[in-house]
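Notes follow once the structure below has been shown.
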Amino acid sequence: MIGLVRPSVVVAAHFNQPARHPLHRRGHGHDVAWADYEAWTPKIVVGGLLLIHDVFANLEDGGRPPYEIYCAALESGAFIERAERGSLRALTRNSLAPVDSPVGEVDRHRQ
């Protein structure tokens, strides 16, 4: 394990090796959460984990970005759900399909 304390997207830009389980913790704001997803998920190797916490399908239970990212990761075809515990979701990378944010589709998850 390597600990780095810097803004997540700055570290991701300079982190040029595959990652099995990148862990980053920033806010749940839309821009911050999607920036982390876009910066780190392409680095996750097949078999690696994408862990997303505070995933709530009901808007009244929590913020939207973690749920939107969870949905986008599954819809990309690059991840499958491995485990669920409370609001934590563990997804396993099962292919190298692109995992960019679904531009123009994010808003449909806000309904």
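Ordered as shown in the structure tokens, chains take letters A, B, and onward, while each chain numbers its residues from 1 and ligands are numbered from 1 in the order shown.
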
Spatial neighbours of Arg20 in chain A, 6 Å, only C-alpha atoms, chain gap at least 3 places, as a PyMOL selection string: chain A and resi 44-45+48

Residues within 7 Å of range 86-102 of chain A, only C-alpha atoms, excluding chain neighbours under 2 positions, as a PyMOL selection string: chain A and resi 38+41-42+45-56+72-73+76-84+104-106

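If you look at CA of Arg64 in chain A and CA of Trp34 in chain A, they are 11.0 Å away from each other.
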